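Heads up, the thing below is written out as structure tokens.
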Amino acid sequence: MADASDQPSGIVTLETADLAAAERVHRAIHGDAEDWDGLLRHNPVWSAAGVHRAVRRDGELVSLASLATTEQRFGGTTCKVGEIGLVGTLPEHRRQGHSRALMESWLTTMRAEGYALAYLFGIRDFYERWAFHYAAPDHIYPYLTVERRMLDEAGGGGGGGEGVRVRALDIEADLAGVMALANEDHAGLPCSPVRSEATWRYLTGFADRHGVDWLGVEDVDGALIGYARVKRWAKGSSAHPPGAVTDVAVA
């Protein structure tokens, strides 16, 4: 990615030493619902080097925007895509063009580096000025919801097949199986993400902070044949209802 010297005047690329200040600014803009420590320091996508840019005024960070780089599947092709996120400006510094400058700096980077797709989750009628097109209201998406009791009953022969068992994932033992299930089952889904081992470890390792349970399904021989990510409680920047199944794969 382009470094700070390539950016318009006032835009800087944040270093590790800047993250504490960035976290304080994000909390002032967006509130405390997000797990800012986990996101900025532990998530392998959002904590990677060079992904956070900011506008600095009189030595202080006043506006922020970040770019997460991942891979997604489009049919039989895997492409590099960018998700712009964590966009915001302190109230007293708004309407001065800071967010616009940060957005345009990231779009310039993505065009120069050949990203296949740029997407984001944000408010309506703001990002259209950069040719983004409204796709779906993520915050009211009707997720399938399920109770753990229902899964346990299904796994005990009450509809899920004799000997099928639902249990908590053991990421050390199940990691290879989970990655294989996701890659195989999601291969035909448009825009499905290709997750690294580090990303899987983050998602499962920070499950309690995110209020989710990662459940595995194994057959009578103990082989992992499916998994599900189930929301435990409604909280966070993208709050889903309790019981929402937000990730699932089956052999």
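By convention in this document, the chains of the structure tokens carry letters A, B, ... by their order, each chain's residues are numbered from 1, and ligands are numbered from 1 in the order they are shown.
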
Near Phe206 (chain A), within 12 Å and counting only C-alpha atoms, which residues show up once chain neighbours fewer than 6 positions away are dropped, as a ChimeraX atom specification? /A:35,37-39,42-43,171,199-200,212-214

For the selection you just gave me, I'd like the residues written to a file as a JSON list (two decimals), in the first residue's frame, keeping N, CA and C atoms.
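result-v8.json written:
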```json
[["chain", "number", "residue", "atom", "x", "y", "z"],
["A", 35, "ASP", "N", -15.48, -3.90, 20.11],
["A", 35, "ASP", "CA", -14.30, -4.37, 20.82],
["A", 35, "ASP", "C", -13.08, -3.74, 20.15],
["A", 37, "ASP", "N", -10.07, -2.85, 21.18],
["A", 37, "ASP", "CA", -8.77, -3.46, 21.42],
["A", 37, "ASP", "C", -8.58, -4.69, 20.53],
["A", 38, "GLY", "N", -9.57, -5.56, 20.50],
["A", 38, "GLY", "CA", -9.47, -6.76, 19.67],
["A", 38, "GLY", "C", -9.38, -6.43, 18.20],
["A", 39, "LEU", "N", -10.15, -5.44, 17.78],
["A", 39, "LEU", "CA", -10.19, -5.09, 16.36],
["A", 39, "LEU", "C", -8.87, -4.46, 15.90],
["A", 42, "HIS", "N", -5.62, -7.11, 17.44],
["A", 42, "HIS", "CA", -5.58, -8.57, 17.34],
["A", 42, "HIS", "C", -6.19, -9.13, 16.06],
["A", 43, "ASN", "N", -7.19, -8.46, 15.50],
["A", 43, "ASN", "CA", -7.77, -8.95, 14.25],
["A", 43, "ASN", "C", -6.71, -8.89, 13.16],
["A", 171, "ILE", "N", -10.80, -25.37, 18.72],
["A", 171, "ILE", "CA", -10.12, -24.84, 17.55],
["A", 171, "ILE", "C", -8.79, -25.53, 17.30],
["A", 199, "THR", "N", -7.03, -15.60, 10.77],
["A", 199, "THR", "CA", -8.37, -15.04, 10.92],
["A", 199, "THR", "C", -9.28, -15.99, 11.66],
["A", 200, "TRP", "N", -9.21, -17.28, 11.33],
["A", 200, "TRP", "CA", -10.02, -18.26, 12.04],
["A", 200, "TRP", "C", -9.68, -18.29, 13.52],
["A", 212, "VAL", "N", -20.57, -14.79, 20.91],
["A", 212, "VAL", "CA", -21.01, -15.87, 20.02],
["A", 212, "VAL", "C", -20.52, -17.22, 20.54],
["A", 213, "ASP", "N", -21.18, -18.25, 20.09],
["A", 213, "ASP", "CA", -20.73, -19.63, 20.31],
["A", 213, "ASP", "C", -20.40, -20.24, 18.95],
["A", 214, "TRP", "N", -19.23, -20.88, 18.87],
["A", 214, "TRP", "CA", -18.86, -21.66, 17.69],
["A", 214, "TRP", "C", -19.14, -23.12, 18.00]]
```

When you look at Ala28 (chain A) with a cut-off of 12 Å (counting only C-alpha atoms), what residues show up, excluding the ones that are within fewer than 2 positions of it in the same chain? I need them as a list in words. Ala21, Ala22, Glu23, Arg24, Val25, His26, His30, Gly31, Asp32, Ala33, Glu34, Trp36, Leu61, Val62, Ser63, Leu64, Gly88, Thr89, Leu90, Pro91 and Glu92 of chain A

Output N, CA and C atoms for every residue in that selection, as a PDB file, in the first residue's frame.
```pdb
ATOM      1  N   ALA A  21      -4.175   6.303  20.572  1.00  0.00           N
ATOM      2  CA  ALA A  21      -4.872   7.543  20.236  1.00  0.00           C
ATOM      3  C   ALA A  21      -6.024   7.270  19.270  1.00  0.00           C
ATOM      4  N   ALA A  22      -5.809   6.388  18.294  1.00  0.00           N
ATOM      5  CA  ALA A  22      -6.872   6.036  17.354  1.00  0.00           C
ATOM      6  C   ALA A  22      -8.054   5.409  18.073  1.00  0.00           C
ATOM      7  N   GLU A  23      -7.778   4.548  19.052  1.00  0.00           N
ATOM      8  CA  GLU A  23      -8.860   3.924  19.807  1.00  0.00           C
ATOM      9  C   GLU A  23      -9.676   4.978  20.553  1.00  0.00           C
ATOM     10  N   ARG A  24      -9.004   5.956  21.162  1.00  0.00           N
ATOM     11  CA  ARG A  24      -9.722   7.008  21.879  1.00  0.00           C
ATOM     12  C   ARG A  24     -10.615   7.803  20.927  1.00  0.00           C
ATOM     13  N   VAL A  25     -10.112   8.078  19.720  1.00  0.00           N
ATOM     14  CA  VAL A  25     -10.911   8.828  18.749  1.00  0.00           C
ATOM     15  C   VAL A  25     -12.107   7.998  18.289  1.00  0.00           C
ATOM     16  N   HIS A  26     -11.884   6.705  18.030  1.00  0.00           N
ATOM     17  CA  HIS A  26     -13.001   5.851  17.616  1.00  0.00           C
ATOM     18  C   HIS A  26     -14.067   5.779  18.702  1.00  0.00           C
ATOM     19  N   HIS A  30     -17.701   6.683  17.721  1.00  0.00           N
ATOM     20  CA  HIS A  30     -18.619   5.558  17.530  1.00  0.00           C
ATOM     21  C   HIS A  30     -19.160   4.957  18.828  1.00  0.00           C
ATOM     22  N   GLY A  31     -18.583   5.317  19.976  1.00  0.00           N
ATOM     23  CA  GLY A  31     -19.035   4.736  21.232  1.00  0.00           C
ATOM     24  C   GLY A  31     -18.221   3.507  21.612  1.00  0.00           C
ATOM     25  N   ASP A  32     -18.657   2.835  22.660  1.00  0.00           N
ATOM     26  CA  ASP A  32     -17.896   1.723  23.233  1.00  0.00           C
ATOM     27  C   ASP A  32     -18.426   0.341  22.846  1.00  0.00           C
ATOM     28  N   ALA A  33     -19.412   0.275  21.946  1.00  0.00           N
ATOM     29  CA  ALA A  33     -20.022  -1.018  21.634  1.00  0.00           C
ATOM     30  C   ALA A  33     -19.036  -1.976  20.985  1.00  0.00           C
ATOM     31  N   GLU A  34     -18.147  -1.457  20.148  1.00  0.00           N
ATOM     32  CA  GLU A  34     -17.187  -2.301  19.444  1.00  0.00           C
ATOM     33  C   GLU A  34     -16.049  -2.723  20.375  1.00  0.00           C
ATOM     34  N   TRP A  36     -12.785  -2.498  20.503  1.00  0.00           N
ATOM     35  CA  TRP A  36     -11.745  -1.756  19.797  1.00  0.00           C
ATOM     36  C   TRP A  36     -10.362  -2.369  19.993  1.00  0.00           C
ATOM     37  N   LEU A  61      -5.066  13.377  16.238  1.00  0.00           N
ATOM     38  CA  LEU A  61      -5.874  12.697  15.232  1.00  0.00           C
ATOM     39  C   LEU A  61      -7.296  13.222  15.309  1.00  0.00           C
ATOM     40  N   VAL A  62      -7.842  13.625  14.169  1.00  0.00           N
ATOM     41  CA  VAL A  62      -9.194  14.186  14.158  1.00  0.00           C
ATOM     42  C   VAL A  62     -10.143  13.423  13.245  1.00  0.00           C
ATOM     43  N   SER A  63      -9.616  12.628  12.313  1.00  0.00           N
ATOM     44  CA  SER A  63     -10.455  11.893  11.367  1.00  0.00           C
ATOM     45  C   SER A  63      -9.732  10.612  10.970  1.00  0.00           C
ATOM     46  N   LEU A  64     -10.492   9.524  10.798  1.00  0.00           N
ATOM     47  CA  LEU A  64      -9.900   8.212  10.555  1.00  0.00           C
ATOM     48  C   LEU A  64     -10.657   7.472   9.463  1.00  0.00           C
ATOM     49  N   GLY A  88     -14.674   7.989  10.298  1.00  0.00           N
ATOM     50  CA  GLY A  88     -15.317   8.938  11.190  1.00  0.00           C
ATOM     51  C   GLY A  88     -14.447  10.135  11.493  1.00  0.00           C
ATOM     52  N   THR A  89     -15.094  11.225  11.895  1.00  0.00           N
ATOM     53  CA  THR A  89     -14.414  12.474  12.234  1.00  0.00           C
ATOM     54  C   THR A  89     -14.987  13.001  13.540  1.00  0.00           C
ATOM     55  N   LEU A  90     -14.121  13.511  14.392  1.00  0.00           N
ATOM     56  CA  LEU A  90     -14.586  14.118  15.636  1.00  0.00           C
ATOM     57  C   LEU A  90     -15.578  15.246  15.333  1.00  0.00           C
ATOM     58  N   PRO A  91     -16.636  15.376  16.132  1.00  0.00           N
ATOM     59  CA  PRO A  91     -17.698  16.349  15.817  1.00  0.00           C
ATOM     60  C   PRO A  91     -17.193  17.758  15.549  1.00  0.00           C
ATOM     61  N   GLU A  92     -16.227  18.208  16.324  1.00  0.00           N
ATOM     62  CA  GLU A  92     -15.755  19.582  16.163  1.00  0.00           C
ATOM     63  C   GLU A  92     -14.903  19.793  14.921  1.00  0.00           C
TER      64      GLU A  92
END
```

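Distance-wise, CA of Ala187 (chain A) and CA of Leu224 (chain A) end up 18.4 Å apart.
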
Helix (DSSP H, G or I) call set, DSSP backbone run, region 77-228 of chain A, as a PyMOL selection string: chain A and resi 91-93+98-112+127-130+138-140+148-155+171-185+197-205+207-210

Mind giving me the straight-line distance from CA of Cys79 (chain A) to CA of Ala182 (chain A) in Å, one decimal? 17.1 Å

For Thr246 (chain A), find every residue with an atom within 8 Å (counting only C-alpha atoms), except residues of its own chain fewer than 5 positions away, and show them as a ChimeraX atom specification. /A:143,228-231

Quick one: residues within 7 Å of Gly216 (chain A), only C-alpha atoms, excluding same-chain residues fewer than 4 positions away - as number ranges by chain? A: 166-169, 224, 226-228

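The interatomic distance for the pair CA of Glu128 (chain A) and CA of Glu113 (chain A) works out to 22.0 Å.
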
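Distances from A:Ser47, A:Thr77, A:Thr70, A:Asn183 to Tyr115 (chain A) were compared using only C-alpha atoms, and the smallest one belongs to A:Thr70.
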
Skip Ala101 (chain A) itself and residues of its chain fewer than 3 positions away, then list as a list in words all residues within 9 Å of it, counting only C-alpha atoms. Pro8, Ile11, Val55, Gly97, His98, Glu104, Ser105 and Trp106 of chain A

Residue subset to file, keeping all heavy atoms, as an mmCIF file, in the first residue's frame:
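And here is the file that came out, selection.cif:
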```
data_model
loop_
_atom_site.group_PDB
_atom_site.id
_atom_site.type_symbol
_atom_site.label_atom_id
_atom_site.label_comp_id
_atom_site.auth_asym_id
_atom_site.auth_seq_id
_atom_site.Cartn_x
_atom_site.Cartn_y
_atom_site.Cartn_z
ATOM 1 N N PRO A 8 -2.101 12.981 0.447
ATOM 2 C CA PRO A 8 -2.295 14.430 0.471
ATOM 3 C C PRO A 8 -1.861 15.018 1.807
ATOM 4 O O PRO A 8 -1.783 14.324 2.808
ATOM 5 C CB PRO A 8 -3.819 14.565 0.261
ATOM 6 C CG PRO A 8 -4.238 13.286 -0.389
ATOM 7 C CD PRO A 8 -3.321 12.235 0.146
ATOM 8 N N ILE A 11 -2.734 13.863 5.717
ATOM 9 C CA ILE A 11 -3.095 12.460 5.875
ATOM 10 C C ILE A 11 -1.854 11.665 6.233
ATOM 11 O O ILE A 11 -0.821 11.774 5.575
ATOM 12 C CB ILE A 11 -3.746 11.898 4.598
ATOM 13 C CG1 ILE A 11 -5.103 12.564 4.360
ATOM 14 C CG2 ILE A 11 -3.924 10.385 4.706
ATOM 15 C CD1 ILE A 11 -5.836 12.050 3.147
ATOM 16 N N VAL A 55 -6.304 11.916 9.514
ATOM 17 C CA VAL A 55 -5.956 13.318 9.365
ATOM 18 C C VAL A 55 -5.504 13.814 10.735
ATOM 19 O O VAL A 55 -6.196 13.610 11.740
ATOM 20 C CB VAL A 55 -7.151 14.154 8.864
ATOM 21 C CG1 VAL A 55 -6.805 15.645 8.877
ATOM 22 C CG2 VAL A 55 -7.564 13.703 7.464
ATOM 23 N N GLY A 97 -13.987 18.382 5.085
ATOM 24 C CA GLY A 97 -13.467 17.577 3.991
ATOM 25 C C GLY A 97 -12.505 16.471 4.401
ATOM 26 O O GLY A 97 -11.886 15.842 3.535
ATOM 27 N N HIS A 98 -12.386 16.186 5.711
ATOM 28 C CA HIS A 98 -11.422 15.180 6.148
ATOM 29 C C HIS A 98 -11.814 13.770 5.698
ATOM 30 O O HIS A 98 -10.980 13.027 5.172
ATOM 31 C CB HIS A 98 -11.277 15.217 7.672
ATOM 32 C CG HIS A 98 -10.791 16.528 8.197
ATOM 33 N ND1 HIS A 98 -9.878 17.309 7.533
ATOM 34 C CD2 HIS A 98 -11.092 17.206 9.346
ATOM 35 C CE1 HIS A 98 -9.630 18.393 8.233
ATOM 36 N NE2 HIS A 98 -10.361 18.365 9.332
ATOM 37 N N GLU A 104 -10.995 9.241 -0.595
ATOM 38 C CA GLU A 104 -10.391 9.336 -1.922
ATOM 39 C C GLU A 104 -8.966 8.797 -1.915
ATOM 40 O O GLU A 104 -8.508 8.219 -2.917
ATOM 41 C CB GLU A 104 -10.441 10.786 -2.396
ATOM 42 C CG GLU A 104 -11.879 11.215 -2.717
ATOM 43 C CD GLU A 104 -12.030 12.687 -3.048
ATOM 44 O OE1 GLU A 104 -11.028 13.419 -2.930
ATOM 45 O OE2 GLU A 104 -13.154 13.098 -3.406
ATOM 46 N N SER A 105 -8.265 8.932 -0.793
ATOM 47 C CA SER A 105 -6.913 8.373 -0.738
ATOM 48 C C SER A 105 -6.959 6.853 -0.805
ATOM 49 O O SER A 105 -6.125 6.221 -1.476
ATOM 50 C CB SER A 105 -6.199 8.828 0.536
ATOM 51 O OG SER A 105 -6.617 8.108 1.680
ATOM 52 N N TRP A 106 -7.924 6.232 -0.125
ATOM 53 C CA TRP A 106 -8.025 4.771 -0.182
ATOM 54 C C TRP A 106 -8.493 4.297 -1.552
ATOM 55 O O TRP A 106 -8.013 3.274 -2.062
ATOM 56 C CB TRP A 106 -8.968 4.267 0.904
ATOM 57 C CG TRP A 106 -8.360 4.146 2.265
ATOM 58 C CD1 TRP A 106 -8.836 4.669 3.436
ATOM 59 C CD2 TRP A 106 -7.171 3.439 2.620
ATOM 60 N NE1 TRP A 106 -8.014 4.336 4.483
ATOM 61 C CE2 TRP A 106 -6.979 3.573 4.011
ATOM 62 C CE3 TRP A 106 -6.233 2.701 1.890
ATOM 63 C CZ2 TRP A 106 -5.901 3.004 4.690
ATOM 64 C CZ3 TRP A 106 -5.155 2.126 2.558
ATOM 65 C CH2 TRP A 106 -5.002 2.286 3.936
#
```

Using only C-alpha atoms, the best pick from A:Pro241, A:Gly10, A:Pro44, A:Gly188 as closest to Phe74 (chain A) would be A:Gly188

Please report, as an NGL selection string, each residue of region 44-231 of chain A to which DSSP assigns strand (DSSP E) when run on this structure's backbone. :A and (52-57 or 60-74 or 77-89 or 117-120 or 165-168 or 193-194 or 212-218 or 224-231)
